[in-house]
Each structure stands twice: as structure tokens, then as C-alpha cells.
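S.K.: First, the structure itself, so that you have it in front of you.
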Amino acid sequence: MQGVVGAFHEIDTTVSAIEDLKKKKLGDVTVYSPTIRHELERAIDAPQSVVRRFTLIGGLVGVSFGYWVAIWSSTYWPLVTGGKAIASWIPYTIIGFEVMVLVGALSTVAGMFINSRIPRLSTTSGYDARFSGGYFGVFIACDASKAGQAEELLRHHGAVEVWREA
Amino acid sequence: MASVGEGIRGPNIASADVQLPAVRDYEQVDREIIATLGFTKQWFMGLSVAVLGMLIGASAWIYQIYWGLGQAGYEPPVMWGNFIITFVFWVGIGHAGTLISAILFLFRAGFRTSIYRAAEAMTVFAVMTAGLFPIIHIGRPWKFFWLLPYPNWRLLFPNFKSPLVWDVFAISTYLTISTTFLYIGLIPDIAVLRDKETNPTRKRILAILALGWRNSDREWRHFAKAYLFLAAFSTPLVLSVHSVVSFDFAMALTPGWHASIFPPYFVAGAIFSGFAMVWTIIIPMRKWFKLEHYITLNHLDATAKVVLFTSMVVGCAYMIEFFIAWYSGVRSEQEFFWNRVFGQWWWAAWIMLLCNMSLPMSLWSQKLRRNPTWLFVLSLFINLGMWFERFVIVVPSLSHEFEPWQWGSYLPSWVDMSFLIGSFGWFFMWFLLFVKQFPVMAIAELKEIVAPRVKHGNDGGHH
């Protein structure tokens with residue numbers, strides 16, 4: 001993807017660059033950081049993650065399947081054990097709970113993968129190995145006409161290095 | 001977290017305020033944690049001992065498959081012995097990891113950050129170890145899949161009302177979720193290793209394992225939410241797993257087992273033993289890897305308080321068992337509990353009471369809570385005591401049921417002991433292999449604690 005990348009060593013300069021870029025509307029901004037920082041989250045102001053929907057749907061599917069498989073098996077092999085009803089919902093709550101946790105948690109992971117667009121075979125354009133270490137990165141997706149302005153803005157805010165991605 | 005460390009870093013610091021004053025920047029975290037991955041002579045020696053232990057267990061298994069389950073010291077009425085004792089022991093050990101990574105995460109307990117990765121790995125390997133024992137115990141391990149209650153046409157009845165079937169669901173779910181939780185937390189750290197790796201083959205492997213992670217705001221946003229929900233799922237799962245294990249006993253009418261106190265008693269015991277094993281692992285680790293400034297005395301102090309608390313819960317459960325036996329007026333229960341402490345198995349019960357109830361009371365002393373040598377020694381006693389707790393639950397009950405003519409004894413054979421040694425070898429082998437391939441501390445989470453560089457004055461540690 002075409003654009004400009006700036007590498008920052010300080011978080012406050014990164015935050016001010018992000019805020020300025022958002023004001024100037026030069027292009028979509030992607031921020032790279034070695035860890036989660038609330039300052040960056042506030043500056044980016046991205047919408048809430050939709051992973052929670054995957055969790056909810058996975059949990060509901062799991063609990064339904066857990067109860068269903070226990071009830072269906074019991075009615076298919078109707079042997080009385082322990083003087084309980086053929087389909088006893090109290091002991092089957094354990095099965096329902098465990099399968100809810102299993103499917104709900106795996107759906108959460110699936111939701112994270114789908115929304116984060118991983119796994120991918122390579123790190124995409126704009127990424128630099130320093131961004132998992134001690135540096136913060138700001139990538140602006142823009143064409144050549146706005147690249148100069150973006151470069152200037154990043155340098156102005158204190159980027160230690162700025163480069164273009166073809 | 002305003003002004004962390006300013007005047008509040010006293011000797012009896014609240015656990016939520018545990019900080020890392022000697023860690024200055026992100027580069028230091030990368031450098032020092034990645035340095036732990038280097039191979040050393042001591043590591044090779046440790047791995048050799050673990051592999052040897054595992055081979056002892058594997059040889060015993062081959063011997064037992066050839067000669068039959070009778071080699072393991074089983075004779076009526078005690079048909080559950082070392083295998084089930086060791087199974088429950090390892091499942092219990094496996095509890096602290098997810099407790100630390102999930103429950104303490106939800107409670108925002110600061111001392112968790114430095115120790116949770118080691119504890120999570122410990123959990124996965126402990127549950128892997130535990131899972132072997134039901135398979136060993138069925139005698140014909142190649143038929144282990146019969147444990148799974150799937151619909152079939154071989155006249156096997158899938159009994160969903162059986163606690164043993166609940167156990168299969170609980171343990172397999174726990175292993176799957178613990179492994180997933182461990183791996184998800186590892187992804188950003190594997191990306192750090194990938195970016196620093198110079199060997200092309202290893203770099204390629206790490207790139208595959210990192211799934212193309214690149215630390216973007218999109219990835220972190222979804223990662224944080226997914227991690228929160230995984231923690232939220234894991235929290236009740238931790239509590240349910242050992243409750244379900246306790247149902248293996250509590251659902252039977254056997255004296256000493258048929259008690260409604262079993263689920264909380266088992267859960268508290270599991271957390272207690274799990275934290276002890278965390279000490280057994282992290283106290284030598286912090287010394288050998290020179291990580292004393294990451295796992296500080298404040299961290300150990302905070303974990304010691306958890307151990308003290310769970311020891312008291314476990315001790316309370318022991319006493320309530322005796323009280324209920326006396327108060328119920330049921331003769332068989334009274335006779336059984338008298339026999340437990342003054343009869344045939346008195347020595348096992350007193351080892352349990354000494355290690356799990358008495359010695360941990362030393363942790364009321366702040367000086368001892370902050371003494372790594374004492375905590376390490378205590379952890380060994382607690383591991384011993386918790387194995388004997390399961391011995392005291394399993395063997396005396398089965399050997400001393402309602403009918404005196406049924407009473408019997410149990411003596412673990414060399415095969416049993418070999419399996420016990422083998423389980424420790426198997427567990428430590430995996431753990432030692434893990435610590436040289438992946439960061440034993442969560443690099444990305446440690447960086448959350450460390451204040452980032454700022455150009456225009458320090459932000460005072462506001463995160």
C-alpha cells in the first residue's frame with residue numbers, strides 16, 4: 001500500500017502527530033506500538049472492537065449444543081441411571097457450561113483473527129521491526145500528491161525517521 | 001495509577017501497586033528477557049534429569065502394559081491409588097496458571113504481570129501430565145477414546161450423568177482453553193523474537209508462529225478485547241474444573257467423600273498447590289536468569305499472601321470435615337475420620353496437616369514472606385503435603401468403607417513410584433523446553449508497566 005511511515009521514539013510526539021494527521025485528513029492512519037498504550041488509543045479514537053459479538057454468538061451456540069447433545073444422546077439410549085430422569089437438566093448444565101466456554105472462547109479467538117486480519121504470511125507495508133521493540137510507528141496511506149505534506153508533518157512532530165512506502 | 005512508587009513503595013506494599021523500578025525502558029525489557037533464551041550448561045543438566053525421569057515413567061508404562069494393572073499395587077478394595085492421586089495432584093497444580101493469568105487480570109492485580117507467563121505454561125504442562133493418568137489407569141491406553149461420550153454403534157452407553165464424563169469435558173475444555181490463552185498471549189512476544197532473530201530458519205518459524213503480527217492499533221484493539229473475554233471465560237472455568245474433579249469423589253456414598261464442601265475445598269486446595277508450584281519454578285528461575293528486578297520481593301510477598309489465605313481455607317475445610325463427621329452422628333463417618341488421623345493412615349494425614357496447615361502459618365511473618373529461600377523450601381513441603389492430601393482422600397476412604405470385612409490396605413509398588421517420578425520428569429521436560437524457545441515473561445505486558453519515553457517532560461508514569 002502506498003503511503004508514508006514515521007518512526008517515533010517518544011509517545012507524546014507520536015500522539016501529537018496522530019492528532020494532527022487526523023485533523024489534516026491526509027489519509028487513513030495506522031499506528032504501530034510495542035504494547036497497548038491508552039494515550040494512543042485515545043488519540044486514534046477507533047470504534048469499539050466487534051470481537052464481543054463473536055463471543056456472545058459462540059457462547060450461545062456452545063451452550064445450546066452442550067445441552068442438545070446430552071439430551072439427544074439420553075433420549076436415543078434411554079437408560080435410567082441414579083434414579084434421575086432420562087434427560088436431567090441439572091447434571092447436563094455441566095456439559096452445557098463446558099461446551100459454552102469451549103465454543104465461546106474459540107469463537108472469540110476466531111473473532112480476533114478475522115478482525116485483526118491474521119494470520120497473514122508477511123507483515124504488510126508500513127511495518128518496521130523496530131515497532132515491536134522501542135519505537136512507535138505512524139503510517140499514513142496516501143498517494144504521492146499528499147506524501148510530501150505527510151512527511152513534513154511527521155518530521156515536524158519529531159519523527160526520528162520518515163520514509164515512503166511504494 | 002497516579003504517581004506510582006512515590007512514597008508508597010513501603011515494605012508491606014499493596015499487591016496492586018507492584019512496580020518494576022529497576023526497569024527503565026522498552027529496550028531493556030527486550031534485551032533482558034530475550035537473554036533468558038540462551039542455552040546454558042545448567043539448563044542441559046536440568047533437562048537431562050527431567051528426560052531421565054520421564055524415561056523411568058515410560059519404562060514403567062511399557063512394563064505395566066505387558067504385565068497388567070496388578071503391577072501398580074491395586075487390589076480390592078483399593079482400585080484407585082497412585083494414578084488418581086497423581087491425576088488430581090497435577091490438575092490442582094494446573095489451576096494457579098489460569099488463576100494468575102485470568103482472575104488476577106480481571107482484578108487488575110499488578111503482581112501478576114511478571115509471573116503469569118511461567119504460570120500459564122506450568123498450567124498447560126501440568127494438565128497435559130494429569131491427562132495421562134486416566135489413560136494409564138484404564139490399562140489398555142489404546143482404547144482411551146472410549147472415555148469420550150460420543151454417539152456410537154458399539155453398545156457403549158454415553159452416560160452424561162456420570163461425573164467421569166463431566167471430568168472428560170472439564171479437563172479437555174480446560175486444556176484447550178489454557179493452551180489457547182497461552183498462545184494468544186505469546187503472539188506479540190513471538191513477533192518481538194521474529195523481529196530480533198538473525199538466523200533465517202528460526203526467523204521463518206517464528207514468523208509463522210507470530211501469524212504476521214505487526215503491533216498495529218487494529219490488532220491491539222481486537223487483541224485486548226479478545227484477551228478480556230478469554231479471561232472472563234477462563235475465570236469460571238478454573239472454578240468449575242476442580243469442582244468437577246471433586247464430583248468424582250463427592251457423588252459417591254463412600255465415607256469421607258460424600259460431602260457438599262468438596263468443590264470449594266478442592267478449588268482452594270488447587271490454588272494453594274498451584275501457587276506453591278509457581279514458587280518452585282519461579283524462585284530458582286529468577287535467580288538463574290537474573291530476573292530479581294522483574295520478580296521482586298514485593299511479587300513474592302503478594303503471592304505469599306494468596307498462599308496464606310488458601311492455606312487457611314484448606315485448613316478450615318479439613319476441620320469442617322471432622323466437625324461434620326462428629327455433628328452428623330453417622331457412625332461410619334465418625335469411625336472413618338477417627339481412623340484417618342489416629343488409625344491405619346495416621347502418618348499420611350499428619351504429613352498433610354503439617355505441610356498444608358501448620359507450616360504455611362509462618363507466612364504471617366512479613367520477614368518470611370520476603371525470604372525467597374524459605375518460600376522455596378515451603379513450596380516443596382506444600383507440594384508434598386498436597387500430594388498426601390489426595391492420598392488421604394483416595395486411599396483411606398476406599399480401604400475403610402462401611403463393611404469391616406471389606407477393609408483392606410494399599411501399598412504403592414515400584415511401578416507406581418516410577419509413574420510419579422515420570423510425571424515430574426515429563427512436566428519439567430516440557431517446561432524446560434518451553435523456557436528456551438519462548439519468553440518466560442510477557443514482554444508486551446511488561447512494557448505496559450514501564451513508562452514510555454517522552455520528549456516534553458515526564459508524564460509521571462500515567463498509563
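Each chain in the C-alpha cells gets a letter, A, B, ..., in the order shown, and its residues are numbered from 1; ligands are numbered from 1 in order too.
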Going by DSSP on the backbone, which residues of segment 75-129 of chain A come out as alpha helix (DSSP H)? List them as a PyMOL selection string.

M.R.: chain A and resi 75-76+89-116

S.K.: Can you pull out every residue within 9 Å of Trp364 of chain B, counting only C-alpha atoms, but drop anything in the same chain fewer than 5 positions away, and send it as a VMD selection string?

M.R.: chain B and resid 305 308 369

S.K.: Output N, CA and C atoms of each residue in that selection to a file, as an mmCIF file, in the first residue's frame.

M.R.:
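Final output, selection01.cif:
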```
data_model
loop_
_atom_site.group_PDB
_atom_site.id
_atom_site.type_symbol
_atom_site.label_atom_id
_atom_site.label_comp_id
_atom_site.auth_asym_id
_atom_site.auth_seq_id
_atom_site.Cartn_x
_atom_site.Cartn_y
_atom_site.Cartn_z
ATOM 1 N N LYS B 305 0.815 -14.034 50.289
ATOM 2 C CA LYS B 305 -0.471 -13.736 50.934
ATOM 3 C C LYS B 305 -1.584 -14.623 50.358
ATOM 4 N N LEU B 308 -1.071 -18.002 51.920
ATOM 5 C CA LEU B 308 -1.513 -17.987 53.322
ATOM 6 C C LEU B 308 -3.034 -18.077 53.393
ATOM 7 N N ARG B 369 7.780 -13.995 54.442
ATOM 8 C CA ARG B 369 7.111 -13.805 53.148
ATOM 9 C C ARG B 369 8.069 -13.211 52.123
#
```

S.K.: Enumerate as a PDB file with N, CA and C atoms, in the first residue's frame the residues belonging to chain A that approach chain B to within 6 Å, with only C-alpha atoms taken into account.

M.R.:
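Written file, iface.pdb:
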```
ATOM      1  N   GLU A  10       9.334   8.651  21.064  1.00  0.00           N
ATOM      2  CA  GLU A  10       8.609   9.127  22.252  1.00  0.00           C
ATOM      3  C   GLU A  10       7.111   9.040  22.009  1.00  0.00           C
ATOM      4  N   ILE A  11       6.407   8.760  23.093  1.00  0.00           N
ATOM      5  CA  ILE A  11       4.956   8.570  22.939  1.00  0.00           C
ATOM      6  C   ILE A  11       4.224   9.900  22.768  1.00  0.00           C
ATOM      7  N   ASP A  12       4.692  10.964  23.433  1.00  0.00           N
ATOM      8  CA  ASP A  12       3.947  12.228  23.328  1.00  0.00           C
ATOM      9  C   ASP A  12       4.042  12.824  21.919  1.00  0.00           C
ATOM     10  N   VAL A  31      -1.325   2.983  13.419  1.00  0.00           N
ATOM     11  CA  VAL A  31      -0.296   3.239  14.429  1.00  0.00           C
ATOM     12  C   VAL A  31       0.269   1.903  14.910  1.00  0.00           C
ATOM     13  N   TYR A  32       1.580   1.833  14.971  1.00  0.00           N
ATOM     14  CA  TYR A  32       2.249   0.633  15.480  1.00  0.00           C
ATOM     15  C   TYR A  32       2.869   0.959  16.831  1.00  0.00           C
ATOM     16  N   SER A  33       2.660   0.080  17.799  1.00  0.00           N
ATOM     17  CA  SER A  33       3.279   0.334  19.112  1.00  0.00           C
ATOM     18  C   SER A  33       3.697  -0.994  19.734  1.00  0.00           C
ATOM     19  N   THR A  35       3.442  -2.054  22.620  1.00  0.00           N
ATOM     20  CA  THR A  35       2.473  -2.545  23.598  1.00  0.00           C
ATOM     21  C   THR A  35       1.217  -1.682  23.528  1.00  0.00           C
ATOM     22  N   SER A  49     -14.182  -2.681  19.501  1.00  0.00           N
ATOM     23  CA  SER A  49     -13.974  -3.969  18.827  1.00  0.00           C
ATOM     24  C   SER A  49     -15.279  -4.758  18.756  1.00  0.00           C
ATOM     25  N   PRO A  91     -27.633 -32.130  35.913  1.00  0.00           N
ATOM     26  CA  PRO A  91     -26.278 -32.595  35.551  1.00  0.00           C
ATOM     27  C   PRO A  91     -25.849 -32.158  34.158  1.00  0.00           C
ATOM     28  N   VAL A 101     -18.134 -22.575  27.273  1.00  0.00           N
ATOM     29  CA  VAL A 101     -16.809 -21.975  27.444  1.00  0.00           C
ATOM     30  C   VAL A 101     -15.917 -22.326  26.256  1.00  0.00           C
ATOM     31  N   LEU A 102     -15.969 -23.583  25.853  1.00  0.00           N
ATOM     32  CA  LEU A 102     -15.102 -24.037  24.757  1.00  0.00           C
ATOM     33  C   LEU A 102     -15.418 -23.299  23.458  1.00  0.00           C
ATOM     34  N   ALA A 105     -14.984 -19.362  23.760  1.00  0.00           N
ATOM     35  CA  ALA A 105     -13.586 -18.903  23.768  1.00  0.00           C
ATOM     36  C   ALA A 105     -12.957 -19.060  22.376  1.00  0.00           C
ATOM     37  N   THR A 108     -14.182 -16.401  20.169  1.00  0.00           N
ATOM     38  CA  THR A 108     -13.526 -15.130  20.500  1.00  0.00           C
ATOM     39  C   THR A 108     -12.193 -15.031  19.758  1.00  0.00           C
ATOM     40  N   MET A 112     -11.081 -12.443  16.888  1.00  0.00           N
ATOM     41  CA  MET A 112      -9.853 -11.627  16.930  1.00  0.00           C
ATOM     42  C   MET A 112      -9.058 -11.795  15.631  1.00  0.00           C
ATOM     43  N   SER A 116      -8.588  -8.772  13.094  1.00  0.00           N
ATOM     44  CA  SER A 116      -7.202  -8.269  13.024  1.00  0.00           C
ATOM     45  C   SER A 116      -6.547  -8.616  11.697  1.00  0.00           C
ATOM     46  N   PRO A 119      -4.263 -14.956  10.494  1.00  0.00           N
ATOM     47  CA  PRO A 119      -2.852 -14.935  10.128  1.00  0.00           C
ATOM     48  C   PRO A 119      -2.637 -14.389   8.714  1.00  0.00           C
ATOM     49  N   ARG A 120      -1.497 -13.721   8.544  1.00  0.00           N
ATOM     50  CA  ARG A 120      -1.078 -13.298   7.209  1.00  0.00           C
ATOM     51  C   ARG A 120       0.362 -13.765   7.019  1.00  0.00           C
ATOM     52  N   LEU A 121       0.714 -13.965   5.775  1.00  0.00           N
ATOM     53  CA  LEU A 121       2.006 -14.589   5.506  1.00  0.00           C
ATOM     54  C   LEU A 121       3.183 -13.665   5.770  1.00  0.00           C
ATOM     55  N   SER A 122       2.970 -12.375   5.579  1.00  0.00           N
ATOM     56  CA  SER A 122       4.088 -11.462   5.833  1.00  0.00           C
ATOM     57  C   SER A 122       3.533 -10.212   6.498  1.00  0.00           C
ATOM     58  N   THR A 123       4.429  -9.468   7.151  1.00  0.00           N
ATOM     59  CA  THR A 123       3.998  -8.193   7.708  1.00  0.00           C
ATOM     60  C   THR A 123       3.803  -7.242   6.531  1.00  0.00           C
ATOM     61  N   ALA A 129      10.675  -3.526  11.853  1.00  0.00           N
ATOM     62  CA  ALA A 129      10.992  -4.397  13.004  1.00  0.00           C
ATOM     63  C   ALA A 129      11.159  -3.614  14.305  1.00  0.00           C
ATOM     64  N   SER A 132       8.210  -3.385  17.140  1.00  0.00           N
ATOM     65  CA  SER A 132       7.925  -4.343  18.220  1.00  0.00           C
ATOM     66  C   SER A 132       8.918  -4.150  19.368  1.00  0.00           C
ATOM     67  N   GLY A 134      11.349  -0.694  20.691  1.00  0.00           N
ATOM     68  CA  GLY A 134      11.161   0.512  21.500  1.00  0.00           C
ATOM     69  C   GLY A 134      10.583   1.696  20.742  1.00  0.00           C
TER      70      GLY A 134
END
```

S.K.: Go through A:Ala7, A:Ala110, A:Asp128, A:Gln2 one by one, measure the shortest atom-to-atom distance of each to Arg155 of chain A using only C-alpha atoms, and give the residue with the smallest value.

M.R.: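 Of all the options, A:Ala7 lies closest to Arg155 of chain A.
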
S.K.: Using only C-alpha atoms, find the one residue out of B:Leu175, B:Leu104, B:Leu384, B:Met312 that sits nearest to Pro360 of chain B.

M.R.: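 Going through B:Leu175, B:Leu104, B:Leu384, B:Met312 one by one, the smallest distance to Pro360 of chain B is for B:Met312.
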
S.K.: Do you have the atom CA of His258 of chain B-atom CA of Tyr410 of chain B distance handy?

M.R.: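 Rounded to one decimal, the two atoms are 21.3 Å apart.
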